[in-house]
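Okay, final-v3.cif is below, mmCIF, C-alpha atoms; chains and numbers go by the auth columns:
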data_run
loop_
_atom_site.group_PDB
_atom_site.id
_atom_site.type_symbol
_atom_site.label_atom_id
_atom_site.label_comp_id
_atom_site.label_asym_id
_atom_site.label_seq_id
_atom_site.Cartn_x
_atom_site.Cartn_y
_atom_site.Cartn_z
_atom_site.B_iso_or_equiv
_atom_site.auth_seq_id
_atom_site.auth_asym_id
ATOM 1 C CA MET A 1 7.768 8.382 -1.040 0.00 115 A
ATOM 2 C CA CYS A 2 6.775 5.726 1.504 0.00 116 A
ATOM 3 C CA ARG A 3 3.998 7.803 2.994 0.00 117 A
ATOM 4 C CA ASN A 4 1.708 6.281 0.390 0.00 118 A
ATOM 5 C CA ILE A 5 2.224 2.759 1.648 0.00 119 A
ATOM 6 C CA ARG A 6 -0.829 2.008 3.745 0.00 120 A
ATOM 7 C CA THR A 7 -1.641 -0.891 6.019 0.00 121 A
ATOM 8 C CA LEU A 8 -3.588 -3.349 3.904 0.00 122 A
ATOM 9 C CA HIS A 9 -4.275 -6.125 6.402 0.00 123 A
ATOM 10 C CA ASN A 10 -7.499 -6.558 8.382 0.00 124 A
ATOM 11 C CA TYR A 11 -9.747 -4.107 6.547 0.00 125 A
ATOM 12 C CA GLU A 12 -13.223 -4.482 5.144 0.00 126 A
ATOM 13 C CA PRO A 13 -13.498 -4.544 2.257 0.00 127 A
ATOM 14 C CA HIS A 14 -10.222 -6.369 1.637 0.00 128 A
ATOM 15 C CA ALA A 15 -7.342 -4.665 -0.166 0.00 129 A
ATOM 16 C CA THR A 16 -7.768 -4.484 -3.914 0.00 130 A
ATOM 17 C CA SER A 17 -5.110 -5.535 -6.396 0.00 131 A
ATOM 18 C CA GLU A 18 -4.660 -1.850 -7.242 0.00 132 A
ATOM 19 C CA GLU A 19 -3.868 -1.037 -3.600 0.00 133 A
ATOM 20 C CA VAL A 20 -1.387 -3.914 -3.410 0.00 134 A
ATOM 21 C CA HIS A 21 0.265 -2.763 -6.656 0.00 135 A
ATOM 22 C CA ALA A 22 0.474 0.843 -5.405 0.00 136 A
ATOM 23 C CA ALA A 23 2.186 -0.301 -2.196 0.00 137 A
ATOM 24 C CA ALA A 24 4.641 -2.432 -4.198 0.00 138 A
ATOM 25 C CA LEU A 25 5.377 0.487 -6.519 0.00 139 A
ATOM 26 C CA GLN A 26 6.088 2.807 -3.587 0.00 140 A
ATOM 27 C CA TYR A 27 8.365 0.203 -2.015 0.00 141 A
ATOM 28 C CA VAL A 28 10.376 -0.270 -5.208 0.00 142 A
ATOM 29 C CA ARG A 29 10.608 3.494 -5.679 0.00 143 A
ATOM 30 C CA LYS A 30 11.976 3.894 -2.164 0.00 144 A
ATOM 31 C CA VAL A 31 14.459 1.040 -2.416 0.00 145 A
ATOM 32 C CA SER A 32 15.694 2.041 -5.885 0.00 146 A
ATOM 33 C CA GLY A 33 15.850 5.737 -5.058 0.00 147 A
ATOM 34 C CA SER A 34 13.959 6.811 -8.156 0.00 148 A
ATOM 35 C CA THR A 35 10.351 7.471 -8.982 0.00 149 A
ATOM 36 C CA LYS A 36 10.853 6.723 -12.658 0.00 150 A
ATOM 37 C CA PRO A 37 13.594 4.339 -13.761 0.00 151 A
ATOM 38 C CA SER A 38 15.841 4.936 -16.729 0.00 152 A
ATOM 39 C CA LYS A 39 15.112 2.994 -19.922 0.00 153 A
ATOM 40 C CA ALA A 40 17.988 0.661 -19.056 0.00 154 A
ATOM 41 C CA ASN A 41 16.379 -0.214 -15.691 0.00 155 A
ATOM 42 C CA GLU A 42 12.717 -0.095 -16.680 0.00 156 A
ATOM 43 C CA ASP A 43 12.286 -3.867 -17.134 0.00 157 A
ATOM 44 C CA ALA A 44 13.959 -4.677 -13.809 0.00 158 A
ATOM 45 C CA PHE A 45 11.884 -1.999 -12.051 0.00 159 A
ATOM 46 C CA GLU A 46 8.579 -3.295 -13.447 0.00 160 A
ATOM 47 C CA ALA A 47 9.527 -6.920 -12.730 0.00 161 A
ATOM 48 C CA ALA A 48 10.301 -6.015 -9.122 0.00 162 A
ATOM 49 C CA VAL A 49 6.959 -4.214 -8.718 0.00 163 A
ATOM 50 C CA HIS A 50 5.111 -7.210 -10.163 0.00 164 A
ATOM 51 C CA GLU A 51 6.925 -9.744 -7.961 0.00 165 A
ATOM 52 C CA ILE A 52 6.524 -7.691 -4.783 0.00 166 A
ATOM 53 C CA ALA A 53 2.822 -7.146 -5.474 0.00 167 A
ATOM 54 C CA HIS A 54 2.407 -10.884 -6.031 0.00 168 A
ATOM 55 C CA ILE A 55 4.146 -11.895 -2.799 0.00 169 A
ATOM 56 C CA THR A 56 2.355 -9.145 -0.881 0.00 170 A
ATOM 57 C CA GLN A 57 -0.987 -10.573 -1.981 0.00 171 A
ATOM 58 C CA HIS A 58 0.140 -14.025 -0.797 0.00 172 A
ATOM 59 C CA LEU A 59 1.139 -12.510 2.543 0.00 173 A
ATOM 60 C CA LEU A 60 -2.221 -10.783 2.966 0.00 174 A
ATOM 61 C CA ASP A 61 -4.046 -13.993 2.056 0.00 175 A
ATOM 62 C CA SER A 62 -2.026 -15.965 4.628 0.00 176 A
ATOM 63 C CA LEU A 63 -2.261 -13.621 7.619 0.00 177 A
ATOM 64 C CA VAL A 64 -4.614 -14.592 10.420 0.00 178 A
ATOM 65 C CA THR A 65 -6.079 -12.314 13.054 0.00 179 A
ATOM 66 C CA HIS A 66 -8.715 -12.538 15.746 0.00 180 A
ATOM 67 C CA ALA A 67 -9.227 -8.786 15.868 0.00 181 A
ATOM 68 C CA PRO A 68 -12.343 -7.397 14.227 0.00 182 A
ATOM 69 C CA ALA A 69 -11.752 -5.939 10.784 0.00 183 A
ATOM 70 C CA LYS A 70 -11.412 -2.181 10.540 0.00 184 A
ATOM 71 C CA HIS A 71 -13.794 -0.334 8.268 0.00 185 A
ATOM 72 C CA ARG A 72 -12.068 1.712 5.578 0.00 186 A
ATOM 73 C CA ASP A 73 -14.539 4.595 5.665 0.00 187 A
ATOM 74 C CA GLU A 74 -14.293 4.973 9.443 0.00 188 A
ATOM 75 C CA GLU A 75 -10.479 4.849 9.390 0.00 189 A
ATOM 76 C CA ALA A 76 -10.361 7.403 6.552 0.00 190 A
ATOM 77 C CA ALA A 77 -12.642 9.738 8.513 0.00 191 A
ATOM 78 C CA LYS A 78 -10.388 9.431 11.577 0.00 192 A
ATOM 79 C CA ALA A 79 -7.329 10.211 9.435 0.00 193 A
ATOM 80 C CA ARG A 80 -9.007 13.282 7.915 0.00 194 A
ATOM 81 C CA ALA A 81 -10.013 14.554 11.368 0.00 195 A
ATOM 82 C CA SER A 82 -6.507 14.024 12.680 0.00 196 A
ATOM 83 C CA ALA A 83 -4.991 15.837 9.680 0.00 197 A
ATOM 84 C CA ALA A 84 -7.399 18.742 10.149 0.00 198 A
ATOM 85 C CA VAL A 85 -6.266 19.145 13.756 0.00 199 A
ATOM 86 C CA ARG A 86 -2.602 18.666 12.902 0.00 200 A
ATOM 87 C CA PHE A 87 -2.509 21.050 9.943 0.00 201 A
ATOM 88 C CA GLY A 88 -5.222 23.452 11.102 0.00 202 A
ATOM 89 C CA THR A 89 -7.497 23.016 8.108 0.00 203 A
ATOM 90 C CA ALA A 90 -11.265 23.160 8.136 0.00 204 A
#
Hey, can you dump this file as structure tokens for me?
Amino acid sequence: MCRNIRTLHNYEPHATSEEVHAAALQYVRKVSGSTKPSKANEDAFEAAVHEIAHITQHLLDSLVTHAPAKHRDEEAAKARASAAVRFGTA
């Protein structure tokens, strides 16, 4: 499940709210042990995702770095090339 949590700090363009929400959702799924909560736990699950997304955005807004920002397209291309070598795909 956690493979979908990506580094969100120090990228251009900055992480979108959708990316932050997706990372929060994956975190809550991992911690709770379920990808879809029961009806009884649905409100708690959604509240946790919302709160974690909110605090994650605050964290990203507060972090400081002197390193140059990475470019999303370049990093995605590197990841695709690495996967092609690793899994032997064209």
Calculated over only C-alpha atoms, which of the candidates A:Val178, A:Ala138, A:Val145, A:Ala197 has the smallest distance to A:Ala161?
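Ranked by minimum distance to A:Ala161, first place goes to A:Ala138.
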So what does the PyMOL selection byres ((chain A and resi 182-188) around 6) actually pick up in this one, as number ranges by chain?
A: 124-126, 181, 189-191
Excluding A:Thr149 and any residue of its chain fewer than 4 positions from it, enumerate the residues within 10 Å of it, using all atoms listed in the file, and give them as number ranges by chain.
A: 115, 139-140, 142-144
Among the residues A:Val163, A:Ile169, A:Leu174, A:Ala154, the one that comes closest to A:Thr130 [using all atoms listed in the file]
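Closest candidate: A:Leu174.
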Atomic distance atom CA of A:Glu132 - atom CA of A:Ser196, expressed in Å with one decimal:
25.5 Å
If you measure from atom CA of A:Ser146 to atom CA of A:Arg120, what distance in Å do you get, rounded to one decimal?
19.1 Å
